[in-house]
>>> print(open('structure-v3.cif').read())   # mmCIF, N, CA and C atoms
data_run
#
loop_
_atom_site.label_atom_id
_atom_site.label_comp_id
_atom_site.auth_asym_id
_atom_site.auth_seq_id
_atom_site.Cartn_x
_atom_site.Cartn_y
_atom_site.Cartn_z
N GLN A 1 77.47 76.56 94.16
CA GLN A 1 77.12 77.87 93.64
C GLN A 1 78.39 78.70 93.48
N VAL A 2 78.56 79.26 92.30
CA VAL A 2 79.74 80.06 92.00
C VAL A 2 79.51 81.48 92.52
N GLN A 3 80.42 81.92 93.37
CA GLN A 3 80.29 83.27 93.93
C GLN A 3 81.64 83.92 94.11
N LEU A 4 81.63 85.23 93.97
CA LEU A 4 82.79 86.05 94.26
C LEU A 4 82.27 87.15 95.17
N VAL A 5 82.80 87.23 96.38
CA VAL A 5 82.24 88.13 97.38
C VAL A 5 83.31 89.05 97.94
N GLU A 6 83.07 90.35 97.82
CA GLU A 6 83.96 91.33 98.43
C GLU A 6 83.48 91.67 99.83
N SER A 7 84.41 91.97 100.70
CA SER A 7 84.07 92.41 102.05
C SER A 7 85.20 93.28 102.59
N GLY A 8 84.91 93.94 103.70
CA GLY A 8 85.94 94.74 104.36
C GLY A 8 85.80 96.24 104.17
N GLY A 9 84.84 96.65 103.38
CA GLY A 9 84.65 98.08 103.20
C GLY A 9 84.08 98.74 104.45
N GLY A 10 84.02 100.07 104.39
CA GLY A 10 83.48 100.80 105.53
C GLY A 10 83.85 102.25 105.47
N LEU A 11 83.64 102.93 106.58
CA LEU A 11 83.97 104.34 106.72
C LEU A 11 85.30 104.47 107.46
N VAL A 12 86.19 105.25 106.89
CA VAL A 12 87.51 105.44 107.50
C VAL A 12 87.92 106.89 107.33
N GLN A 13 88.70 107.39 108.26
CA GLN A 13 89.18 108.77 108.17
C GLN A 13 90.34 108.86 107.18
N PRO A 14 90.54 110.03 106.60
CA PRO A 14 91.71 110.21 105.73
C PRO A 14 93.00 109.81 106.46
N GLY A 15 93.85 109.11 105.73
CA GLY A 15 95.08 108.60 106.32
C GLY A 15 94.95 107.22 106.91
N GLY A 16 93.73 106.74 107.02
CA GLY A 16 93.49 105.43 107.61
C GLY A 16 93.70 104.29 106.64
N SER A 17 93.40 103.08 107.12
CA SER A 17 93.63 101.86 106.34
C SER A 17 92.40 100.97 106.38
N LEU A 18 92.26 100.20 105.34
CA LEU A 18 91.27 99.13 105.25
C LEU A 18 91.88 97.97 104.50
N ARG A 19 91.39 96.77 104.78
CA ARG A 19 91.77 95.62 103.98
C ARG A 19 90.51 94.99 103.41
N LEU A 20 90.45 94.97 102.10
CA LEU A 20 89.33 94.34 101.41
C LEU A 20 89.68 92.89 101.09
N SER A 21 88.66 92.05 101.12
CA SER A 21 88.82 90.65 100.75
C SER A 21 87.93 90.35 99.55
N CYS A 22 88.40 89.45 98.73
CA CYS A 22 87.65 88.97 97.58
C CYS A 22 87.70 87.44 97.67
N ALA A 23 86.61 86.86 98.15
CA ALA A 23 86.58 85.42 98.41
C ALA A 23 85.76 84.71 97.35
N ALA A 24 86.30 83.61 96.87
CA ALA A 24 85.61 82.82 95.86
C ALA A 24 85.04 81.55 96.48
N SER A 25 83.89 81.17 95.99
CA SER A 25 83.31 79.88 96.36
C SER A 25 82.75 79.23 95.10
N GLY A 26 82.83 77.91 95.06
CA GLY A 26 82.33 77.20 93.90
C GLY A 26 83.34 77.06 92.78
N PHE A 27 84.48 77.71 92.91
CA PHE A 27 85.56 77.58 91.95
C PHE A 27 86.84 78.06 92.62
N THR A 28 87.97 77.74 92.03
CA THR A 28 89.24 78.16 92.61
C THR A 28 89.81 79.34 91.83
N LEU A 29 90.43 80.23 92.57
CA LEU A 29 90.97 81.45 91.98
C LEU A 29 92.33 81.25 91.32
N ASP A 30 92.96 80.11 91.58
CA ASP A 30 94.35 79.93 91.15
C ASP A 30 94.57 80.25 89.68
N TYR A 31 93.65 79.80 88.84
CA TYR A 31 93.87 79.92 87.40
C TYR A 31 93.67 81.35 86.91
N TYR A 32 92.94 82.14 87.67
CA TYR A 32 92.46 83.43 87.16
C TYR A 32 93.35 84.59 87.58
N ALA A 33 93.45 85.55 86.67
CA ALA A 33 93.92 86.86 87.07
C ALA A 33 92.79 87.53 87.85
N ILE A 34 93.13 88.29 88.85
CA ILE A 34 92.14 89.00 89.66
C ILE A 34 92.40 90.49 89.57
N GLY A 35 91.35 91.20 89.26
CA GLY A 35 91.46 92.65 89.18
C GLY A 35 90.62 93.31 90.27
N TRP A 36 91.08 94.45 90.72
CA TRP A 36 90.29 95.30 91.61
C TRP A 36 89.90 96.56 90.84
N PHE A 37 88.65 96.91 91.00
CA PHE A 37 88.09 98.05 90.30
C PHE A 37 87.34 98.91 91.32
N ARG A 38 87.08 100.14 90.94
CA ARG A 38 86.25 100.98 91.80
C ARG A 38 85.43 101.93 90.94
N GLN A 39 84.30 102.31 91.51
CA GLN A 39 83.41 103.21 90.80
C GLN A 39 82.88 104.24 91.77
N ALA A 40 83.25 105.48 91.54
CA ALA A 40 82.77 106.59 92.35
C ALA A 40 81.47 107.12 91.73
N PRO A 41 80.65 107.78 92.52
CA PRO A 41 79.39 108.32 91.99
C PRO A 41 79.63 109.23 90.79
N GLY A 42 78.89 108.96 89.71
CA GLY A 42 79.00 109.79 88.52
C GLY A 42 80.22 109.52 87.66
N LYS A 43 81.00 108.52 88.03
CA LYS A 43 82.22 108.21 87.27
C LYS A 43 82.16 106.79 86.73
N GLU A 44 82.98 106.55 85.73
CA GLU A 44 83.07 105.21 85.17
C GLU A 44 83.87 104.30 86.10
N ARG A 45 83.59 103.01 85.98
CA ARG A 45 84.34 102.03 86.74
C ARG A 45 85.77 101.99 86.22
N GLU A 46 86.73 102.01 87.12
CA GLU A 46 88.13 102.00 86.71
C GLU A 46 88.87 100.85 87.38
N GLY A 47 89.73 100.23 86.60
CA GLY A 47 90.61 99.20 87.16
C GLY A 47 91.87 99.85 87.68
N PHE A 48 92.28 99.48 88.89
CA PHE A 48 93.45 100.11 89.45
C PHE A 48 94.51 99.13 89.95
N SER A 49 94.19 97.86 90.01
CA SER A 49 95.18 96.88 90.44
C SER A 49 94.78 95.50 89.95
N CYS A 50 95.79 94.69 89.66
CA CYS A 50 95.51 93.29 89.34
C CYS A 50 96.71 92.44 89.74
N ILE A 51 96.42 91.16 89.88
CA ILE A 51 97.46 90.19 90.20
C ILE A 51 97.32 89.04 89.22
N SER A 52 98.43 88.64 88.65
CA SER A 52 98.38 87.62 87.61
C SER A 52 98.22 86.24 88.24
N SER A 53 97.82 85.29 87.41
CA SER A 53 97.68 83.92 87.87
C SER A 53 98.97 83.14 87.69
N SER A 54 99.80 83.55 86.75
CA SER A 54 100.97 82.76 86.40
C SER A 54 102.11 82.90 87.42
N ASP A 55 102.56 84.12 87.63
CA ASP A 55 103.72 84.30 88.51
C ASP A 55 103.44 85.26 89.65
N GLY A 56 102.18 85.65 89.81
CA GLY A 56 101.84 86.54 90.91
C GLY A 56 102.26 87.97 90.71
N SER A 57 102.59 88.33 89.47
CA SER A 57 102.94 89.72 89.20
C SER A 57 101.78 90.64 89.54
N THR A 58 102.12 91.81 90.05
CA THR A 58 101.09 92.77 90.43
C THR A 58 101.28 94.08 89.68
N TYR A 59 100.19 94.76 89.46
CA TYR A 59 100.20 96.02 88.73
C TYR A 59 99.28 97.00 89.44
N TYR A 60 99.68 98.26 89.41
CA TYR A 60 98.91 99.30 90.09
C TYR A 60 98.83 100.55 89.24
N ALA A 61 97.68 101.17 89.26
CA ALA A 61 97.55 102.49 88.65
C ALA A 61 98.33 103.50 89.50
N ASP A 62 98.74 104.57 88.87
CA ASP A 62 99.51 105.60 89.58
C ASP A 62 98.75 106.16 90.78
N SER A 63 97.43 106.19 90.66
CA SER A 63 96.61 106.78 91.72
C SER A 63 96.69 106.02 93.04
N VAL A 64 97.09 104.75 92.99
CA VAL A 64 97.13 103.95 94.22
C VAL A 64 98.51 103.36 94.49
N LYS A 65 99.41 103.51 93.56
CA LYS A 65 100.74 102.91 93.72
C LYS A 65 101.43 103.44 94.98
N GLY A 66 101.99 102.52 95.72
CA GLY A 66 102.66 102.89 96.96
C GLY A 66 101.75 102.95 98.17
N ARG A 67 100.44 102.91 97.94
CA ARG A 67 99.48 102.95 99.04
C ARG A 67 98.68 101.65 99.15
N PHE A 68 98.40 101.03 98.02
CA PHE A 68 97.59 99.80 97.99
C PHE A 68 98.48 98.61 97.66
N THR A 69 98.13 97.45 98.22
CA THR A 69 98.85 96.22 97.93
C THR A 69 97.85 95.10 97.70
N ILE A 70 98.01 94.40 96.58
CA ILE A 70 97.16 93.26 96.26
C ILE A 70 97.95 91.99 96.52
N ALA A 71 97.26 90.98 97.06
CA ALA A 71 97.94 89.72 97.37
C ALA A 71 96.95 88.57 97.31
N ARG A 72 97.48 87.41 96.96
CA ARG A 72 96.66 86.20 96.92
C ARG A 72 96.93 85.32 98.13
N ASP A 73 95.92 84.61 98.57
CA ASP A 73 96.09 83.49 99.50
C ASP A 73 95.33 82.32 98.88
N ASN A 74 96.03 81.52 98.10
CA ASN A 74 95.37 80.44 97.39
C ASN A 74 94.78 79.41 98.35
N ALA A 75 95.40 79.23 99.49
CA ALA A 75 94.87 78.27 100.46
C ALA A 75 93.49 78.69 100.95
N LYS A 76 93.27 79.99 101.02
CA LYS A 76 91.97 80.50 101.46
C LYS A 76 91.08 80.89 100.28
N ASN A 77 91.60 80.69 99.06
CA ASN A 77 90.82 81.02 97.87
C ASN A 77 90.35 82.47 97.91
N THR A 78 91.25 83.33 98.32
CA THR A 78 90.91 84.73 98.55
C THR A 78 92.03 85.63 98.05
N VAL A 79 91.63 86.77 97.53
CA VAL A 79 92.57 87.83 97.18
C VAL A 79 92.28 89.02 98.08
N TYR A 80 93.33 89.66 98.54
CA TYR A 80 93.20 90.79 99.45
C TYR A 80 93.68 92.07 98.79
N LEU A 81 93.15 93.17 99.28
CA LEU A 81 93.61 94.49 98.88
C LEU A 81 93.84 95.29 100.15
N GLN A 82 95.10 95.50 100.49
CA GLN A 82 95.43 96.34 101.64
C GLN A 82 95.52 97.78 101.16
N MET A 83 94.74 98.63 101.79
CA MET A 83 94.69 100.03 101.39
C MET A 83 95.15 100.90 102.55
N ASN A 84 96.24 101.59 102.35
CA ASN A 84 96.79 102.48 103.38
C ASN A 84 96.77 103.93 102.89
N SER A 85 96.94 104.83 103.81
CA SER A 85 96.99 106.27 103.49
C SER A 85 95.80 106.68 102.63
N LEU A 86 94.64 106.26 103.04
CA LEU A 86 93.44 106.51 102.24
C LEU A 86 93.12 107.99 102.16
N LYS A 87 92.59 108.37 101.01
CA LYS A 87 92.25 109.76 100.71
C LYS A 87 90.76 109.86 100.40
N PRO A 88 90.17 111.02 100.57
CA PRO A 88 88.75 111.17 100.22
C PRO A 88 88.44 110.76 98.78
N GLU A 89 89.38 110.96 97.88
CA GLU A 89 89.15 110.59 96.49
C GLU A 89 89.17 109.08 96.25
N ASP A 90 89.50 108.32 97.27
CA ASP A 90 89.41 106.86 97.18
C ASP A 90 87.98 106.36 97.44
N THR A 91 87.10 107.25 97.82
CA THR A 91 85.72 106.87 98.10
C THR A 91 85.06 106.33 96.84
N ALA A 92 84.52 105.12 96.94
CA ALA A 92 83.92 104.45 95.78
C ALA A 92 83.37 103.11 96.24
N VAL A 93 82.64 102.48 95.34
CA VAL A 93 82.31 101.07 95.51
C VAL A 93 83.45 100.26 94.86
N TYR A 94 83.97 99.32 95.62
CA TYR A 94 85.11 98.53 95.17
C TYR A 94 84.64 97.14 94.76
N TYR A 95 85.13 96.70 93.61
CA TYR A 95 84.77 95.40 93.05
C TYR A 95 86.01 94.59 92.74
N CYS A 96 85.90 93.28 92.90
CA CYS A 96 86.91 92.39 92.35
C CYS A 96 86.28 91.60 91.21
N ALA A 97 87.14 91.10 90.36
CA ALA A 97 86.66 90.37 89.19
C ALA A 97 87.74 89.40 88.73
N THR A 98 87.30 88.33 88.07
CA THR A 98 88.23 87.35 87.53
C THR A 98 88.42 87.56 86.04
N GLY A 99 89.61 87.23 85.59
CA GLY A 99 89.90 87.32 84.17
C GLY A 99 90.84 86.21 83.76
N THR A 100 90.99 86.04 82.48
CA THR A 100 91.96 85.07 81.99
C THR A 100 93.37 85.56 82.34
N PRO A 101 94.35 84.70 82.26
CA PRO A 101 95.72 85.15 82.55
C PRO A 101 96.15 86.36 81.72
N ALA A 102 95.61 86.48 80.53
CA ALA A 102 95.99 87.60 79.66
C ALA A 102 95.44 88.93 80.14
N ALA A 103 94.50 88.89 81.06
CA ALA A 103 93.84 90.13 81.50
C ALA A 103 94.72 90.98 82.39
N CYS A 104 95.74 90.41 82.97
CA CYS A 104 96.60 91.16 83.90
C CYS A 104 98.04 91.01 83.44
N GLN A 105 98.45 91.95 82.58
CA GLN A 105 99.81 91.89 82.08
C GLN A 105 100.54 93.21 82.21
N ASP A 106 99.79 94.26 82.52
CA ASP A 106 100.40 95.57 82.72
C ASP A 106 99.40 96.45 83.46
N VAL A 107 99.70 97.74 83.55
CA VAL A 107 98.85 98.62 84.34
C VAL A 107 97.54 98.98 83.64
N ASN A 108 97.41 98.59 82.39
CA ASN A 108 96.15 98.85 81.66
C ASN A 108 95.16 97.74 82.02
N ILE A 109 94.39 97.98 83.04
CA ILE A 109 93.48 96.97 83.58
C ILE A 109 92.09 97.28 83.05
N ALA A 110 91.76 96.61 81.96
CA ALA A 110 90.54 96.94 81.23
C ALA A 110 89.34 96.20 81.82
N THR A 111 88.28 96.94 82.04
CA THR A 111 87.06 96.36 82.60
C THR A 111 86.55 95.20 81.76
N ASP A 112 86.61 95.36 80.46
CA ASP A 112 86.03 94.33 79.59
C ASP A 112 86.91 93.09 79.43
N ALA A 113 88.07 93.08 80.06
CA ALA A 113 88.92 91.89 80.06
C ALA A 113 88.61 90.97 81.23
N PHE A 114 87.72 91.43 82.10
CA PHE A 114 87.35 90.65 83.29
C PHE A 114 85.87 90.30 83.18
N ASP A 115 85.54 89.06 83.50
CA ASP A 115 84.20 88.64 83.15
C ASP A 115 83.33 88.15 84.30
N TYR A 116 83.88 87.91 85.48
CA TYR A 116 83.02 87.49 86.59
C TYR A 116 83.28 88.43 87.75
N TRP A 117 82.21 89.05 88.24
CA TRP A 117 82.31 90.16 89.17
C TRP A 117 81.62 89.85 90.49
N GLY A 118 82.17 90.42 91.55
CA GLY A 118 81.47 90.41 92.82
C GLY A 118 80.45 91.53 92.87
N GLN A 119 79.79 91.65 94.02
CA GLN A 119 78.70 92.61 94.15
C GLN A 119 79.19 93.99 94.60
N GLY A 120 80.41 94.06 95.05
CA GLY A 120 80.99 95.33 95.45
C GLY A 120 80.88 95.59 96.94
N THR A 121 81.79 96.42 97.43
CA THR A 121 81.77 96.84 98.83
C THR A 121 82.10 98.34 98.88
N GLN A 122 81.36 99.06 99.69
CA GLN A 122 81.50 100.51 99.74
C GLN A 122 82.68 100.90 100.63
N VAL A 123 83.50 101.80 100.11
CA VAL A 123 84.58 102.40 100.90
C VAL A 123 84.35 103.91 100.91
N THR A 124 84.26 104.46 102.10
CA THR A 124 84.06 105.90 102.25
C THR A 124 85.18 106.46 103.11
N VAL A 125 85.88 107.44 102.56
CA VAL A 125 86.98 108.07 103.28
C VAL A 125 86.56 109.50 103.59
N SER A 126 86.33 109.76 104.85
CA SER A 126 85.80 111.06 105.24
C SER A 126 86.10 111.31 106.71
N SER A 127 86.30 112.57 107.03
CA SER A 127 86.49 112.95 108.43
C SER A 127 85.15 113.35 109.06
#
>>> encode(input="structure-v3.cif", output="structure tokens")
Amino acid sequence: QVQLVESGGGLVQPGGSLRLSCAASGFTLDYYAIGWFRQAPGKEREGFSCISSSDGSTYYADSVKGRFTIARDNAKNTVYLQMNSLKPEDTAVYYCATGTPAACQDVNIATDAFDYWGQGTQVTVSS
């Protein structure tokens, strides 16, 4: 069974950290670009980070640059998102998704360039 599963979300205070995981089963992530997206209530889903399949290049939106880090562990067939210095505006449902290598080439991480999605994990930043 092909699955992409996010985990690691939760409630955290402002300034805190979380690490999200995006684990694949039924297929290997090596070939795919992986994007992280989030959707806050009443807002459109936005892509904010991706990691390429070719050379491991990473890209970040300005809103998370310097605070979030995306990384692959091909041995575990998992991509991670380390989130530090979290802010209330980071509150959203977080999704990972797979795309072709062409999907992750710069900071313009388009939702429609990614075609297989996980179910999402809630991140709430609040005191």
>>> resolve_selection(input="structure-v3.cif", expression="the PyMOL selection byres ((chain A and resi 70) around 7)", output="mmCIF file with N, CA and C atoms, keeping the file's coordinate frame")
data_model
loop_
_atom_site.group_PDB
_atom_site.id
_atom_site.type_symbol
_atom_site.label_atom_id
_atom_site.label_comp_id
_atom_site.auth_asym_id
_atom_site.auth_seq_id
_atom_site.Cartn_x
_atom_site.Cartn_y
_atom_site.Cartn_z
ATOM 1 N N CYS A 50 95.790 94.690 89.660
ATOM 2 C CA CYS A 50 95.510 93.290 89.340
ATOM 3 C C CYS A 50 96.710 92.440 89.740
ATOM 4 N N ILE A 51 96.420 91.160 89.880
ATOM 5 C CA ILE A 51 97.460 90.190 90.200
ATOM 6 C C ILE A 51 97.320 89.040 89.220
ATOM 7 N N THR A 58 102.120 91.810 90.050
ATOM 8 C CA THR A 58 101.090 92.770 90.430
ATOM 9 C C THR A 58 101.280 94.080 89.680
ATOM 10 N N PHE A 68 98.400 101.030 98.020
ATOM 11 C CA PHE A 68 97.590 99.800 97.990
ATOM 12 C C PHE A 68 98.480 98.610 97.660
ATOM 13 N N THR A 69 98.130 97.450 98.220
ATOM 14 C CA THR A 69 98.850 96.220 97.930
ATOM 15 C C THR A 69 97.850 95.100 97.700
ATOM 16 N N ALA A 71 97.260 90.980 97.060
ATOM 17 C CA ALA A 71 97.940 89.720 97.370
ATOM 18 C C ALA A 71 96.950 88.570 97.310
ATOM 19 N N ARG A 72 97.480 87.410 96.960
ATOM 20 C CA ARG A 72 96.660 86.200 96.920
ATOM 21 C C ARG A 72 96.930 85.320 98.130
ATOM 22 N N VAL A 79 91.630 86.770 97.530
ATOM 23 C CA VAL A 79 92.570 87.830 97.180
ATOM 24 C C VAL A 79 92.280 89.020 98.080
ATOM 25 N N TYR A 80 93.330 89.660 98.540
ATOM 26 C CA TYR A 80 93.200 90.790 99.450
ATOM 27 C C TYR A 80 93.680 92.070 98.790
ATOM 28 N N LEU A 81 93.150 93.170 99.280
ATOM 29 C CA LEU A 81 93.610 94.490 98.880
ATOM 30 C C LEU A 81 93.840 95.290 100.150
ATOM 31 N N GLN A 82 95.100 95.500 100.490
ATOM 32 C CA GLN A 82 95.430 96.340 101.640
ATOM 33 C C GLN A 82 95.520 97.780 101.160
#
>>> residues_near_point(input="structure-v3.cif", point="(98.1, 85.4, 89.6)", cutoff="12 Å", atoms="only C-alpha atoms", output="JSON, numbers by chain")
{"A": [28, 29, 30, 31, 32, 33, 34, 35, 49, 50, 51, 52, 53, 54, 55, 56, 57, 58, 59, 70, 71, 72, 73, 74, 77, 78, 79, 98, 99, 100, 101, 102, 103, 104, 105]}
>>> select_by_dssp(input="structure-v3.cif", residues="chain A", states="strand (DSSP E or B)", output="compact mmCIF listing (two decimals) with N, CA and C atoms, in the frame of the given file")
# COMPACT_ATOMS: atom_id res chain seq x y z
N GLN A 3 80.42 81.92 93.37
CA GLN A 3 80.29 83.27 93.93
C GLN A 3 81.64 83.92 94.11
N LEU A 4 81.63 85.23 93.97
CA LEU A 4 82.79 86.05 94.26
C LEU A 4 82.27 87.15 95.17
N VAL A 5 82.80 87.23 96.38
CA VAL A 5 82.24 88.13 97.38
C VAL A 5 83.31 89.05 97.94
N GLU A 6 83.07 90.35 97.82
CA GLU A 6 83.96 91.33 98.43
C GLU A 6 83.48 91.67 99.83
N SER A 7 84.41 91.97 100.70
CA SER A 7 84.07 92.41 102.05
C SER A 7 85.20 93.28 102.59
N GLY A 10 84.02 100.07 104.39
CA GLY A 10 83.48 100.80 105.53
C GLY A 10 83.85 102.25 105.47
N LEU A 11 83.64 102.93 106.58
CA LEU A 11 83.97 104.34 106.72
C LEU A 11 85.30 104.47 107.46
N VAL A 12 86.19 105.25 106.89
CA VAL A 12 87.51 105.44 107.50
C VAL A 12 87.92 106.89 107.33
N LEU A 18 92.26 100.20 105.34
CA LEU A 18 91.27 99.13 105.25
C LEU A 18 91.88 97.97 104.50
N ARG A 19 91.39 96.77 104.78
CA ARG A 19 91.77 95.62 103.98
C ARG A 19 90.51 94.99 103.41
N LEU A 20 90.45 94.97 102.10
CA LEU A 20 89.33 94.34 101.41
C LEU A 20 89.68 92.89 101.09
N SER A 21 88.66 92.05 101.12
CA SER A 21 88.82 90.65 100.75
C SER A 21 87.93 90.35 99.55
N CYS A 22 88.40 89.45 98.73
CA CYS A 22 87.65 88.97 97.58
C CYS A 22 87.70 87.44 97.67
N ALA A 23 86.61 86.86 98.15
CA ALA A 23 86.58 85.42 98.41
C ALA A 23 85.76 84.71 97.35
N ALA A 24 86.30 83.61 96.87
CA ALA A 24 85.61 82.82 95.86
C ALA A 24 85.04 81.55 96.48
N SER A 25 83.89 81.17 95.99
CA SER A 25 83.31 79.88 96.36
C SER A 25 82.75 79.23 95.10
N ALA A 33 93.45 85.55 86.67
CA ALA A 33 93.92 86.86 87.07
C ALA A 33 92.79 87.53 87.85
N ILE A 34 93.13 88.29 88.85
CA ILE A 34 92.14 89.00 89.66
C ILE A 34 92.40 90.49 89.57
N GLY A 35 91.35 91.20 89.26
CA GLY A 35 91.46 92.65 89.18
C GLY A 35 90.62 93.31 90.27
N TRP A 36 91.08 94.45 90.72
CA TRP A 36 90.29 95.30 91.61
C TRP A 36 89.90 96.56 90.84
N PHE A 37 88.65 96.91 91.00
CA PHE A 37 88.09 98.05 90.30
C PHE A 37 87.34 98.91 91.32
N ARG A 38 87.08 100.14 90.94
CA ARG A 38 86.25 100.98 91.80
C ARG A 38 85.43 101.93 90.94
N GLN A 39 84.30 102.31 91.51
CA GLN A 39 83.41 103.21 90.80
C GLN A 39 82.88 104.24 91.77
N GLU A 46 86.73 102.01 87.12
CA GLU A 46 88.13 102.00 86.71
C GLU A 46 88.87 100.85 87.38
N GLY A 47 89.73 100.23 86.60
CA GLY A 47 90.61 99.20 87.16
C GLY A 47 91.87 99.85 87.68
N PHE A 48 92.28 99.48 88.89
CA PHE A 48 93.45 100.11 89.45
C PHE A 48 94.51 99.13 89.95
N SER A 49 94.19 97.86 90.01
CA SER A 49 95.18 96.88 90.44
C SER A 49 94.78 95.50 89.95
N CYS A 50 95.79 94.69 89.66
CA CYS A 50 95.51 93.29 89.34
C CYS A 50 96.71 92.44 89.74
N ILE A 51 96.42 91.16 89.88
CA ILE A 51 97.46 90.19 90.20
C ILE A 51 97.32 89.04 89.22
N THR A 58 102.12 91.81 90.05
CA THR A 58 101.09 92.77 90.43
C THR A 58 101.28 94.08 89.68
N TYR A 59 100.19 94.76 89.46
CA TYR A 59 100.20 96.02 88.73
C TYR A 59 99.28 97.00 89.44
N TYR A 60 99.68 98.26 89.41
CA TYR A 60 98.91 99.30 90.09
C TYR A 60 98.83 100.55 89.24
N PHE A 68 98.40 101.03 98.02
CA PHE A 68 97.59 99.80 97.99
C PHE A 68 98.48 98.61 97.66
N THR A 69 98.13 97.45 98.22
CA THR A 69 98.85 96.22 97.93
C THR A 69 97.85 95.10 97.70
N ILE A 70 98.01 94.40 96.58
CA ILE A 70 97.16 93.26 96.26
C ILE A 70 97.95 91.99 96.52
N ALA A 71 97.26 90.98 97.06
CA ALA A 71 97.94 89.72 97.37
C ALA A 71 96.95 88.57 97.31
N ARG A 72 97.48 87.41 96.96
CA ARG A 72 96.66 86.20 96.92
C ARG A 72 96.93 85.32 98.13
N ASP A 73 95.92 84.61 98.57
CA ASP A 73 96.09 83.49 99.50
C ASP A 73 95.33 82.32 98.88
N THR A 78 91.25 83.33 98.32
CA THR A 78 90.91 84.73 98.55
C THR A 78 92.03 85.63 98.05
N VAL A 79 91.63 86.77 97.53
CA VAL A 79 92.57 87.83 97.18
C VAL A 79 92.28 89.02 98.08
N TYR A 80 93.33 89.66 98.54
CA TYR A 80 93.20 90.79 99.45
C TYR A 80 93.68 92.07 98.79
N LEU A 81 93.15 93.17 99.28
CA LEU A 81 93.61 94.49 98.88
C LEU A 81 93.84 95.29 100.15
N GLN A 82 95.10 95.50 100.49
CA GLN A 82 95.43 96.34 101.64
C GLN A 82 95.52 97.78 101.16
N MET A 83 94.74 98.63 101.79
CA MET A 83 94.69 100.03 101.39
C MET A 83 95.15 100.90 102.55
N ALA A 92 84.52 105.12 96.94
CA ALA A 92 83.92 104.45 95.78
C ALA A 92 83.37 103.11 96.24
N VAL A 93 82.64 102.48 95.34
CA VAL A 93 82.31 101.07 95.51
C VAL A 93 83.45 100.26 94.86
N TYR A 94 83.97 99.32 95.62
CA TYR A 94 85.11 98.53 95.17
C TYR A 94 84.64 97.14 94.76
N TYR A 95 85.13 96.70 93.61
CA TYR A 95 84.77 95.40 93.05
C TYR A 95 86.01 94.59 92.74
N CYS A 96 85.90 93.28 92.90
CA CYS A 96 86.91 92.39 92.35
C CYS A 96 86.28 91.60 91.21
N ALA A 97 87.14 91.10 90.36
CA ALA A 97 86.66 90.37 89.19
C ALA A 97 87.74 89.40 88.73
N THR A 98 87.30 88.33 88.07
CA THR A 98 88.23 87.35 87.53
C THR A 98 88.42 87.56 86.04
N GLY A 99 89.61 87.23 85.59
CA GLY A 99 89.90 87.32 84.17
C GLY A 99 90.84 86.21 83.76
N PHE A 114 87.72 91.43 82.10
CA PHE A 114 87.35 90.65 83.29
C PHE A 114 85.87 90.30 83.18
N ASP A 115 85.54 89.06 83.50
CA ASP A 115 84.20 88.64 83.15
C ASP A 115 83.33 88.15 84.30
N TYR A 116 83.88 87.91 85.48
CA TYR A 116 83.02 87.49 86.59
C TYR A 116 83.28 88.43 87.75
N TRP A 117 82.21 89.05 88.24
CA TRP A 117 82.31 90.16 89.17
C TRP A 117 81.62 89.85 90.49
N THR A 121 81.79 96.42 97.43
CA THR A 121 81.77 96.84 98.83
C THR A 121 82.10 98.34 98.88
N GLN A 122 81.36 99.06 99.69
CA GLN A 122 81.50 100.51 99.74
C GLN A 122 82.68 100.90 100.63
N VAL A 123 83.50 101.80 100.11
CA VAL A 123 84.58 102.40 100.90
C VAL A 123 84.35 103.91 100.91
N THR A 124 84.26 104.46 102.10
CA THR A 124 84.06 105.90 102.25
C THR A 124 85.18 106.46 103.11
N VAL A 125 85.88 107.44 102.56
CA VAL A 125 86.98 108.07 103.28
C VAL A 125 86.56 109.50 103.59
>>> closest_residue(input="structure-v3.cif", among="A:Leu86, A:Val12, A:Ala40, A:Leu4", to="Ser25 (chain A)", atoms="only C-alpha atoms")
A:Leu4
>>> residues_around(input="structure-v3.cif", residues="Pro88 (chain A)", least_positions_apart="6", cutoff="8 Å", atoms="only C-alpha atoms", output="ChimeraX atom specification")
/A:14,124-126
>>> closest_residue(input="structure-v3.cif", among="A:Asp106, A:Gly26, A:Phe114, A:Tyr94", to="Ser7 (chain A)", atoms="all atoms listed in the file")
A:Tyr94
>>> resolve_selection(input="structure-v3.cif", expression="the PyMOL selection byres (((chain A and resi 118 and name CA) around 12) and name CA)", output="MDAnalysis selection string")
chainID A and resid 2:7 21:25 34:38 93:98 114:117 119:121
>>> atom_distance(input="structure-v3.cif", atom1="CA of Ala61 (chain A)", atom2="atom N of Gly8 (chain A)")
21.4 Å
